file upload06.pdb (PDB, C-alpha atoms and all ligand atoms)
ATOM      1  CA  MET A   1       0.000   0.000   0.000
ATOM      2  CA  THR A   2       1.475   3.386  -0.968
ATOM      3  CA  GLU A   3       1.681   6.462   1.225
ATOM      4  CA  ASP A   4      -1.027   8.067  -0.911
ATOM      5  CA  SER A   5      -3.451   5.331  -0.013
ATOM      6  CA  THR A   6      -3.092   6.102   3.718
ATOM      7  CA  GLN A   7      -5.039   9.022   5.084
ATOM      8  CA  THR A   8      -5.366  10.354   8.612
ATOM      9  CA  CYS A   9      -8.845  11.167   9.811
ATOM     10  CA  LYS A  10      -9.390  13.150  12.978
ATOM     11  CA  VAL A  11     -12.614  12.163  14.681
ATOM     12  CA  VAL A  12     -14.171  13.781  17.731
ATOM     13  CA  LEU A  13     -16.983  12.361  19.835
ATOM     14  CA  LEU A  14     -19.424  14.845  21.291
ATOM     15  CA  GLY A  15     -22.588  14.694  23.328
ATOM     16  CA  GLU A  16     -23.997  14.939  26.822
ATOM     17  CA  THR A  17     -22.405  13.286  29.815
ATOM     18  CA  SER A  18     -23.034   9.539  30.208
ATOM     19  CA  VAL A  19     -24.260   8.927  26.663
ATOM     20  CA  GLY A  20     -21.379   6.494  26.096
ATOM     21  CA  LYS A  21     -18.685   8.397  24.159
ATOM     22  CA  THR A  22     -15.786   6.875  26.104
ATOM     23  CA  SER A  23     -17.408   3.461  25.961
ATOM     24  CA  ILE A  24     -17.833   3.592  22.178
ATOM     25  CA  ILE A  25     -14.155   4.460  21.789
ATOM     26  CA  SER A  26     -13.054   1.688  24.171
ATOM     27  CA  ARG A  27     -15.209  -0.812  22.368
ATOM     28  CA  TYR A  28     -13.896   0.265  18.993
ATOM     29  CA  THR A  29     -10.204   0.565  19.804
ATOM     30  CA  THR A  30      -9.666  -2.120  22.474
ATOM     31  CA  ASN A  31     -12.857  -4.172  22.288
ATOM     32  CA  SER A  32     -13.487  -3.542  25.971
ATOM     33  CA  PHE A  33     -16.389  -2.214  28.023
ATOM     34  CA  GLU A  34     -16.728  -1.004  31.599
ATOM     35  CA  MET A  35     -20.041  -0.853  33.385
ATOM     36  CA  ASN A  36     -18.911   1.975  35.651
ATOM     37  CA  ASN A  37     -16.793   4.348  33.620
ATOM     38  CA  LEU A  38     -15.533   7.470  35.301
ATOM     39  CA  SER A  39     -16.876  10.606  33.693
ATOM     40  CA  THR A  40     -14.253  12.097  31.360
ATOM     41  CA  SER A  41     -12.611  15.337  32.443
ATOM     42  CA  GLY A  42     -10.783  17.220  29.732
ATOM     43  CA  ALA A  43     -10.193  14.990  26.733
ATOM     44  CA  SER A  44      -8.297  11.890  25.700
ATOM     45  CA  TYR A  45      -6.958  10.375  22.535
ATOM     46  CA  ALA A  46      -6.933   6.930  20.925
ATOM     47  CA  ASN A  47      -6.174   5.717  17.459
ATOM     48  CA  LYS A  48      -6.980   2.860  15.171
ATOM     49  CA  PRO A  49      -6.214   2.222  11.522
ATOM     50  CA  ILE A  50      -8.712   0.549   9.232
ATOM     51  CA  GLU A  51      -8.232  -0.890   5.820
ATOM     52  CA  LEU A  52     -10.769  -0.407   3.081
ATOM     53  CA  LYS A  53      -9.414  -3.171   0.906
ATOM     54  CA  LYS A  54     -11.919  -2.685  -1.845
ATOM     55  CA  TYR A  55     -10.729   0.871  -2.336
ATOM     56  CA  ASN A  56      -7.065   0.170  -1.584
ATOM     57  CA  LYS A  57      -7.151   2.705   1.230
ATOM     58  CA  THR A  58      -5.999   2.725   4.817
ATOM     59  CA  ILE A  59      -7.465   5.243   7.192
ATOM     60  CA  LYS A  60      -5.728   6.139  10.409
ATOM     61  CA  PHE A  61      -8.416   7.255  12.776
ATOM     62  CA  GLU A  62      -7.249   9.705  15.425
ATOM     63  CA  ILE A  63     -10.123   9.627  17.851
ATOM     64  CA  TRP A  64     -10.664  12.334  20.440
ATOM     65  CA  ASP A  65     -12.888  11.681  23.410
ATOM     66  CA  THR A  66     -14.386  14.762  25.027
ATOM     67  CA  ALA A  67     -16.093  15.503  28.323
ATOM     68  CA  GLY A  68     -19.855  15.830  28.145
ATOM     69  CA  GLN A  69     -20.324  17.704  31.393
ATOM     70  CA  GLU A  70     -21.441  21.259  30.829
ATOM     71  CA  LYS A  71     -18.525  22.774  32.758
ATOM     72  CA  TYR A  72     -16.113  21.439  30.094
ATOM     73  CA  ARG A  73     -17.905  22.852  27.071
ATOM     74  CA  ALA A  74     -15.454  25.690  26.427
ATOM     75  CA  LEU A  75     -12.560  23.245  26.486
ATOM     76  CA  THR A  76     -14.331  20.787  24.221
ATOM     77  CA  LYS A  77     -14.513  23.401  21.473
ATOM     78  CA  ILE A  78     -10.767  23.112  20.916
ATOM     79  CA  PHE A  79     -11.184  19.489  19.898
ATOM     80  CA  TYR A  80     -13.871  19.831  17.283
ATOM     81  CA  LYS A  81     -12.429  22.875  15.577
ATOM     82  CA  LYS A  82      -9.950  20.887  13.518
ATOM     83  CA  ALA A  83     -11.804  17.619  13.266
ATOM     84  CA  SER A  84     -12.701  16.004   9.951
ATOM     85  CA  VAL A  85     -15.515  14.057  11.545
ATOM     86  CA  ALA A  86     -17.798  14.717  14.507
ATOM     87  CA  ILE A  87     -19.743  11.833  15.971
ATOM     88  CA  LEU A  88     -22.679  13.201  17.931
ATOM     89  CA  VAL A  89     -23.715  10.612  20.482
ATOM     90  CA  TYR A  90     -27.020  10.397  22.292
ATOM     91  CA  ASP A  91     -28.479   7.863  24.701
ATOM     92  CA  ILE A  92     -31.679   6.341  23.312
ATOM     93  CA  THR A  93     -33.088   6.114  26.850
ATOM     94  CA  LYS A  94     -32.715   9.857  27.520
ATOM     95  CA  LYS A  95     -34.665  12.199  25.271
ATOM     96  CA  GLN A  96     -32.787  15.204  26.595
ATOM     97  CA  THR A  97     -29.511  13.898  25.166
ATOM     98  CA  PHE A  98     -31.038  13.813  21.679
ATOM     99  CA  ASN A  99     -32.536  17.286  22.119
ATOM    100  CA  GLU A 100     -29.104  18.617  23.042
ATOM    101  CA  ILE A 101     -27.654  17.227  19.822
ATOM    102  CA  LYS A 102     -30.265  19.137  17.859
ATOM    103  CA  ASN A 103     -30.211  22.311  19.915
ATOM    104  CA  TYR A 104     -26.580  22.565  20.910
ATOM    105  CA  TRP A 105     -23.980  20.160  19.522
ATOM    106  CA  TYR A 106     -24.929  20.267  15.872
ATOM    107  CA  ASN A 107     -24.971  24.076  15.829
ATOM    108  CA  GLN A 108     -21.695  24.271  17.704
ATOM    109  CA  VAL A 109     -19.962  21.993  15.252
ATOM    110  CA  LYS A 110     -21.411  23.694  12.191
ATOM    111  CA  ASN A 111     -20.516  27.162  13.453
ATOM    112  CA  SER A 112     -17.010  26.295  14.576
ATOM    113  CA  THR A 113     -15.673  24.134  11.774
ATOM    114  CA  SER A 114     -15.409  24.064   8.013
ATOM    115  CA  ASN A 115     -18.477  23.077   6.040
ATOM    116  CA  GLU A 116     -16.793  19.902   4.895
ATOM    117  CA  ILE A 117     -16.907  18.304   8.300
ATOM    118  CA  ILE A 118     -18.548  14.885   8.224
ATOM    119  CA  ILE A 119     -21.224  14.496  10.853
ATOM    120  CA  ALA A 120     -22.366  11.159  12.203
ATOM    121  CA  ILE A 121     -25.002  10.439  14.806
ATOM    122  CA  ALA A 122     -24.708   7.434  17.115
ATOM    123  CA  ALA A 123     -27.935   6.385  18.814
ATOM    124  CA  ASN A 124     -26.203   4.577  21.658
ATOM    125  CA  LYS A 125     -27.310   2.039  24.310
ATOM    126  CA  SER A 126     -29.507   0.164  21.868
ATOM    127  CA  ASP A 127     -29.298  -2.840  24.212
ATOM    128  CA  LEU A 128     -31.651  -0.863  26.472
ATOM    129  CA  TYR A 129     -34.308  -0.568  23.784
ATOM    130  CA  GLU A 130     -37.100  -1.419  26.232
ATOM    131  CA  PHE A 131     -36.470   1.980  27.823
ATOM    132  CA  GLU A 132     -36.229   3.902  24.579
ATOM    133  CA  GLN A 133     -37.317   7.530  24.827
ATOM    134  CA  VAL A 134     -36.157   8.727  21.435
ATOM    135  CA  ASN A 135     -38.115   7.601  18.428
ATOM    136  CA  GLU A 136     -35.622   6.041  16.057
ATOM    137  CA  GLU A 137     -37.439   7.150  12.936
ATOM    138  CA  GLU A 138     -37.508  10.729  14.194
ATOM    139  CA  ALA A 139     -33.759  10.607  14.818
ATOM    140  CA  ARG A 140     -33.124   9.000  11.459
ATOM    141  CA  LYS A 141     -35.198  11.701   9.750
ATOM    142  CA  TYR A 142     -33.235  14.400  11.542
ATOM    143  CA  ALA A 143     -29.945  12.819  10.486
ATOM    144  CA  LYS A 144     -31.110  12.772   6.898
ATOM    145  CA  GLU A 145     -32.110  16.431   7.085
ATOM    146  CA  ILE A 146     -28.649  17.469   8.239
ATOM    147  CA  GLY A 147     -26.845  15.031   5.934
ATOM    148  CA  ALA A 148     -25.447  12.968   8.791
ATOM    149  CA  ILE A 149     -24.485   9.309   8.855
ATOM    150  CA  PHE A 150     -26.793   7.545  11.306
ATOM    151  CA  PHE A 151     -26.125   4.351  13.244
ATOM    152  CA  VAL A 152     -27.825   2.651  16.140
ATOM    153  CA  THR A 153     -25.030   1.449  18.430
ATOM    154  CA  SER A 154     -24.360  -0.359  21.662
ATOM    155  CA  ALA A 155     -20.959  -0.092  23.278
ATOM    156  CA  LEU A 156     -22.090  -2.848  25.610
ATOM    157  CA  ASN A 157     -22.754  -5.495  22.977
ATOM    158  CA  SER A 158     -20.740  -3.938  20.103
ATOM    159  CA  SER A 159     -23.643  -3.533  17.726
ATOM    160  CA  GLY A 160     -23.150  -0.948  15.053
ATOM    161  CA  ILE A 161     -19.762   0.291  16.313
ATOM    162  CA  ASP A 162     -17.446  -1.132  13.633
ATOM    163  CA  GLU A 163     -20.063  -0.351  11.023
ATOM    164  CA  LEU A 164     -20.258   3.263  12.179
ATOM    165  CA  PHE A 165     -16.510   3.767  11.793
ATOM    166  CA  ARG A 166     -16.342   1.930   8.493
ATOM    167  CA  ALA A 167     -19.142   4.085   7.099
ATOM    168  CA  ILE A 168     -17.301   7.173   8.307
ATOM    169  CA  GLY A 169     -14.092   5.923   6.688
ATOM    170  CA  CYS A 170     -15.851   5.373   3.391
ATOM    171  CA  LYS A 171     -17.414   8.795   3.433
ATOM    172  CA  PHE A 172     -14.058  10.324   4.368
ATOM    173  CA  VAL A 173     -12.495   8.928   1.196
ATOM    174  CA  ASP A 174     -15.620   9.733  -0.764
ATOM    175  CA  LYS A 175     -16.637   6.151  -1.372
ATOM    176  CA  GLU A 176     -19.783   4.143  -0.957
ATOM    177  CA  TYR A 177     -20.016   2.249   2.311
ATOM    178  CA  ASP A 178     -19.588  -1.439   1.567
ATOM    179  CA  TYR A 179     -21.755  -3.584   3.810
ATOM    180  CA  GLU A 180     -19.857  -6.695   2.866
ATOM    181  CA  GLU A 181     -16.414  -5.727   4.162
ATOM    182  CA  ASP A 182     -15.710  -6.505   7.787
ATOM    183  CA  ASP A 183     -13.465  -4.568  10.161
ATOM    184  CA  GLU A 184     -10.312  -6.117   8.700
ATOM    185  CA  GLY A 185     -11.470  -5.238   5.230
ATOM    186  CA  ASN A 186     -12.326  -8.824   4.346
ATOM    187  CA  VAL A 187     -15.397  -9.544   2.319
ATOM    188  CA  ASN A 188     -17.931 -10.962   4.700
ATOM    189  CA  ASN A 189     -21.243 -12.382   3.603
ATOM    190  CA  ASN A 190     -22.623 -12.426   7.133
ATOM    191  CA  ASN A 191     -21.906  -8.911   8.226
ATOM    192  CA  ASN A 192     -25.418  -8.263   9.500
ATOM    193  CA  ASN A 193     -25.296 -11.287  11.604
ATOM    194  CA  LYS A 194     -22.095 -11.403  13.657
ATOM    195  CA  ASP A 195     -23.668 -12.525  16.907
ATOM    196  CA  GLU A 196     -25.879 -14.981  15.141
ATOM    197  CA  ASP A 197     -22.744 -16.458  13.620
ATOM    198  CA  ASN A 198     -21.193 -16.885  17.045
ATOM    199  CA  ASN A 199     -24.266 -18.657  18.259
ATOM    200  CA  ASN A 200     -24.210 -20.871  15.237
ATOM    201  CA  ASN A 201     -20.598 -21.754  15.895
ATOM    202  CA  ASN A 202     -21.407 -22.722  19.435
ATOM    203  CA  ASN A 203     -24.551 -24.616  18.808
ATOM    204  CA  LYS A 204     -24.388 -26.220  15.432
ATOM    205  CA  ASN A 205     -22.080 -28.339  13.385
ATOM    206  CA  ASP A 206     -20.132 -27.191  10.336
ATOM    207  CA  ASP A 207     -22.736 -28.407   7.868
ATOM    208  CA  ASP A 208     -25.360 -26.250   9.504
ATOM    209  CA  ASN A 209     -23.044 -23.264   9.366
ATOM    210  CA  ASN A 210     -22.483 -23.730   5.665
ATOM    211  CA  LYS A 211     -26.200 -23.810   5.091
ATOM    212  CA  ASN A 212     -26.667 -20.675   7.186
ATOM    213  CA  GLU A 213     -23.942 -18.886   5.289
ATOM    214  CA  ASP A 214     -25.756 -19.554   2.032
ATOM    215  CA  LYS A 215     -28.992 -18.322   3.552
ATOM    216  CA  ASN A 216     -27.420 -15.202   5.030
ATOM    217  CA  SER A 217     -25.681 -14.404   1.814
ATOM    218  CA  LYS A 218     -29.040 -14.482   0.058
ATOM    219  CA  ASN A 219     -30.655 -12.425   2.819
ATOM    220  CA  ASN A 220     -27.913  -9.828   2.573
ATOM    221  CA  LYS A 221     -28.548  -9.428  -1.116
ATOM    222  CA  LYS A 222     -32.255  -9.094  -0.422
ATOM    223  CA  ASN A 223     -31.704  -6.578   2.371
ATOM    224  CA  LYS A 224     -29.622  -4.369   0.196
ATOM    225  CA  GLU A 225     -32.639  -3.980  -2.028
ATOM    226  CA  CYS A 226     -35.196  -3.612   0.729
ATOM    227  CA  ASN A 227     -36.154  -0.368   2.402
ATOM    228  CA  ASN A 228     -38.006  -1.812   5.348
ATOM    229  CA  CYS A 229     -35.757  -4.459   6.767
ATOM    230  CA  ASP A 230     -32.437  -4.776   8.561
ATOM    231  CA  ILE A 231     -30.498  -2.439   6.415
ATOM    232  CA  ASN A 232     -31.952   0.509   4.636
ATOM    233  CA  ASN A 233     -30.045   0.885   1.407
ATOM    234  CA  ASN A 234     -32.096   3.564  -0.241
ATOM    235  CA  ASN A 235     -29.156   4.952  -2.169
ATOM    236  CA  ASN A 236     -28.670   7.542   0.514
ATOM    237  CA  ASN A 237     -25.153   6.888   1.714
ATOM    238  CA  ASN A 238     -25.779   8.830   4.912
ATOM    239  CA  ASN A 239     -28.498   6.808   6.457
ATOM    240  CA  PHE A 240     -28.010   3.261   7.672
ATOM    241  CA  LYS A 241     -30.480   1.151   9.524
ATOM    242  CA  LEU A 242     -29.786  -1.660  11.930
ATOM    243  CA  ASP A 243     -32.556  -3.619  13.566
ATOM    244  CA  LYS A 244     -32.291  -2.459  17.165
ATOM    245  CA  LYS A 245     -33.949  -5.540  18.561
ATOM    246  CA  LYS A 246     -31.437  -7.644  16.717
ATOM    247  CA  ASN A 247     -28.673  -5.738  18.447
ATOM    248  CA  VAL A 248     -29.738  -7.232  21.694
ATOM    249  CA  ASN A 249     -31.113 -10.624  21.088
ATOM    250  CA  LYS A 250     -29.941 -11.840  17.758
ATOM    251  CA  LYS A 251     -30.074 -15.409  18.962
ATOM    252  CA  ASN A 252     -33.832 -15.534  19.032
ATOM    253  CA  GLU A 253     -34.544 -13.264  16.130
ATOM    254  CA  LYS A 254     -35.124 -14.365  12.608
ATOM    255  CA  LYS A 255     -33.901 -12.163   9.806
ATOM    256  CA  LYS A 256     -36.921 -10.638   8.159
ATOM    257  CA  CYS A 257     -37.236  -9.241   4.724
ATOM    258  CA  CYS A 258     -40.391  -8.202   2.925
TER
HETATM  259  N1  LIG B 301     -26.288  -0.468  28.690
HETATM  260  C1  LIG B 301     -25.324   0.297  28.147
HETATM  261  N2  LIG B 301     -24.575   1.108  28.936
HETATM  262  C2  LIG B 301     -23.648   1.858  28.333
HETATM  263  C3  LIG B 301     -23.417   1.859  26.937
HETATM  264  N3  LIG B 301     -22.444   2.743  26.655
HETATM  265  C4  LIG B 301     -22.053   3.262  27.826
HETATM  266  N4  LIG B 301     -22.775   2.732  28.836
HETATM  267  C5  LIG B 301     -22.648   3.052  30.274
HETATM  268  O1  LIG B 301     -23.025   4.399  30.448
HETATM  269  C6  LIG B 301     -22.203   5.029  31.424
HETATM  270  C7  LIG B 301     -21.529   6.255  30.820
HETATM  271  O2  LIG B 301     -20.680   5.861  29.768
HETATM  272  P1  LIG B 301     -19.428   6.745  29.314
HETATM  273  O3  LIG B 301     -18.834   6.057  28.148
HETATM  274  O4  LIG B 301     -18.547   7.027  30.469
HETATM  275  O5  LIG B 301     -20.167   8.087  28.903
HETATM  276  P2  LIG B 301     -19.504   9.431  28.353
HETATM  277  O6  LIG B 301     -20.387   9.910  27.253
HETATM  278  O7  LIG B 301     -18.088   9.196  28.024
HETATM  279  O8  LIG B 301     -19.659  10.403  29.588
HETATM  280  P3  LIG B 301     -18.732  11.713  29.957
HETATM  281  O9  LIG B 301     -17.321  11.249  29.962
HETATM  282  O10 LIG B 301     -19.202  12.156  31.293
HETATM  283  O11 LIG B 301     -19.002  12.752  28.914
HETATM  284  C8  LIG B 301     -21.192   3.968  31.871
HETATM  285  O12 LIG B 301     -21.649   3.416  33.073
HETATM  286  C9  LIG B 301     -21.217   2.923  30.778
HETATM  287  O13 LIG B 301     -20.951   1.642  31.273
HETATM  288  C10 LIG B 301     -24.232   0.985  26.130
HETATM  289  O14 LIG B 301     -24.147   0.900  24.905
HETATM  290  N5  LIG B 301     -25.185   0.246  26.798
HETATM  291 MG    MG B 302     -16.336   9.917  28.832
END
call {"tool": "encode", "arguments": {"input": "upload06.pdb", "output": "structure tokens", "more": "lines below"}}
Ligand SMILES: Nc1nc2c(ncn2[C@@H]2O[C@H](COP(=O)(O)OP(=O)(O)OP(=O)(O)O)[C@@H](O)[C@H]2O)c(=O)[nH]1
Ligand SMILES: [Mg+2]
result
Amino acid sequence: MTEDSTQTCKVVLLGETSVGKTSIISRYTTNSFEMNNLSTSGASYANKPIELKKYNKTIKFEIWDTAGQEKYRALTKIFYKKASVAILVYDITKKQTFNEIKNYWYNQVKNSTSNEIIIAIAANKSDLYEFEQVNEEEARKYAKEIGAIFFVTSALNSSGIDELFRAIGCKFVDKEYDYEEDDEGNVNNNNNNKDEDNNNNNNKNDDDNNKNEDKNSKNNKKNKECNNCDINNNNNNNNFKLDKKKNVNKKNEKKKCC
């Protein structure tokens, strides 16, 4: 891979305190999660490279974690001023955290940075969907209006995290997000179904897995053409849909496609 094919992308995570910014970064960079994170004071930095094999690109993500508490807001500004990407995180169980994205964070980012900044919205804590206070469709509609990438995520169970960063990477290099590449850039026919795959590996023999792979591969093709199912591929590269219930309990869910 040549130097030209490697690009550095500065990403900043913003949002109210306790929405899960630090947890998303830990999950993404070290695949770890803590139930009782200390609230961030100031800011911290992590990095992770990803390969977009299909496009012969490597992206070095420089990821800045910021403090959500109001008293740190002035300091936080320094970190989003030079960012290429801002991920605005809200907690799906706290309406106020979504309102603050609309009323505060989005405006701050737009007014303080260049127009080219890529904005992504992470609807985090999807594992707590029983307590959801923010209508997902409303959030998705808002993301579309502002031209933001939208992903439902859970730092606790990993759902949507790799996908969020891959989609950001693709947009950063001006390419279509490829649903079939996994985090290592390998083509993966089961990318909607990681947990289901694990369950299959535990519970079934190899023959069953082969059959499931065929099925999933077909389902993936179907989903890419379907607006109402697991993934919404309506030719709008900014708006991605994961089935939030599947995030939590993939084991018992069947993939559905109209
Ligand atoms: N159930 C669940 N809990 C989560 C998730 N993400 C984070 N948490 C928990 O929510 C709490 C706050 O998470 P943090 O990652 O520290 O939140 P933050 O946005 O970094 O907060 P500040 O640093 O104060 O701005 C922690 O107790 C996490 O364990 C998630 O996806 N699901
Ligand atoms: Mg934090």
call {"tool": "residues_near_ligand", "arguments": {"input": "upload06.pdb", "ligand": "ligand LIG 301 (chain B)", "cutoff": "9 Å", "atoms": "only C-alpha atoms and all ligand atoms", "output": "PyMOL selection string"}}
result
chain A and resi 13-26+33-43+65-69+89-91+124-128+153-159
call {"tool": "residues_around", "arguments": {"input": "upload06.pdb", "residues": "Ser5 (chain A)", "least_positions_apart": "6", "cutoff": "10 Å", "atoms": "all atoms listed in the file", "output": "list in words"}}
result
Glu51, Leu52, Tyr55, Asn56, Lys57, Thr58, Ile59 and Val173 of chain A
call {"tool": "closest_residue", "arguments": {"input": "upload06.pdb", "among": "A:Ser112, A:Thr76, A:Thr8, A:Ser44", "to": "ligand MG 302 (chain B)", "atoms": "all atoms listed in the file"}}
result
A:Ser44
call {"tool": "atom_distance", "arguments": {"input": "upload06.pdb", "atom1": "CA of Asn111 (chain A)", "atom2": "CA of Lys48 (chain A)"}}
result
27.9 Å
call {"tool": "closest_residue", "arguments": {"input": "upload06.pdb", "among": "A:Phe172, A:Asn47, A:Thr30, A:Trp64", "to": "ligand MG 302 (chain B)", "atoms": "all atoms listed in the file"}}
result
A:Trp64
call {"tool": "atom_distance", "arguments": {"input": "upload06.pdb", "atom1": "CA of Glu136 (chain A)", "atom2": "CA of Asn31 (chain A)"}}
result
25.7 Å
call {"tool": "atom_distance", "arguments": {"input": "upload06.pdb", "atom1": "CA of Val134 (chain A)", "atom2": "CA of Ile92 (chain A)"}}
result
5.4 Å
call {"tool": "closest_residue", "arguments": {"input": "upload06.pdb", "among": "A:Asn103, A:Pro49, A:Lys81, A:Phe98", "to": "Arg140 (chain A)", "atoms": "only C-alpha atoms"}}
result
A:Phe98
call {"tool": "resolve_selection", "arguments": {"input": "upload06.pdb", "expression": "the PyMOL selection byres (((chain A and resi 63) around 6) and not hetatm)", "output": "ChimeraX atom specification"}}
result
/A:11-12,45-47,61-62,64
call {"tool": "closest_residue", "arguments": {"input": "upload06.pdb", "among": "A:Tyr72, A:Ile161, A:Phe131, A:Ala86", "to": "ligand MG 302 (chain B)", "atoms": "only C-alpha atoms and all ligand atoms"}}
result
A:Tyr72
call {"tool": "closest_residue", "arguments": {"input": "upload06.pdb", "among": "A:Ala123, A:Cys170, A:Ile117, A:Ile149", "to": "Val85 (chain A)", "atoms": "only C-alpha atoms"}}
result
A:Ile117
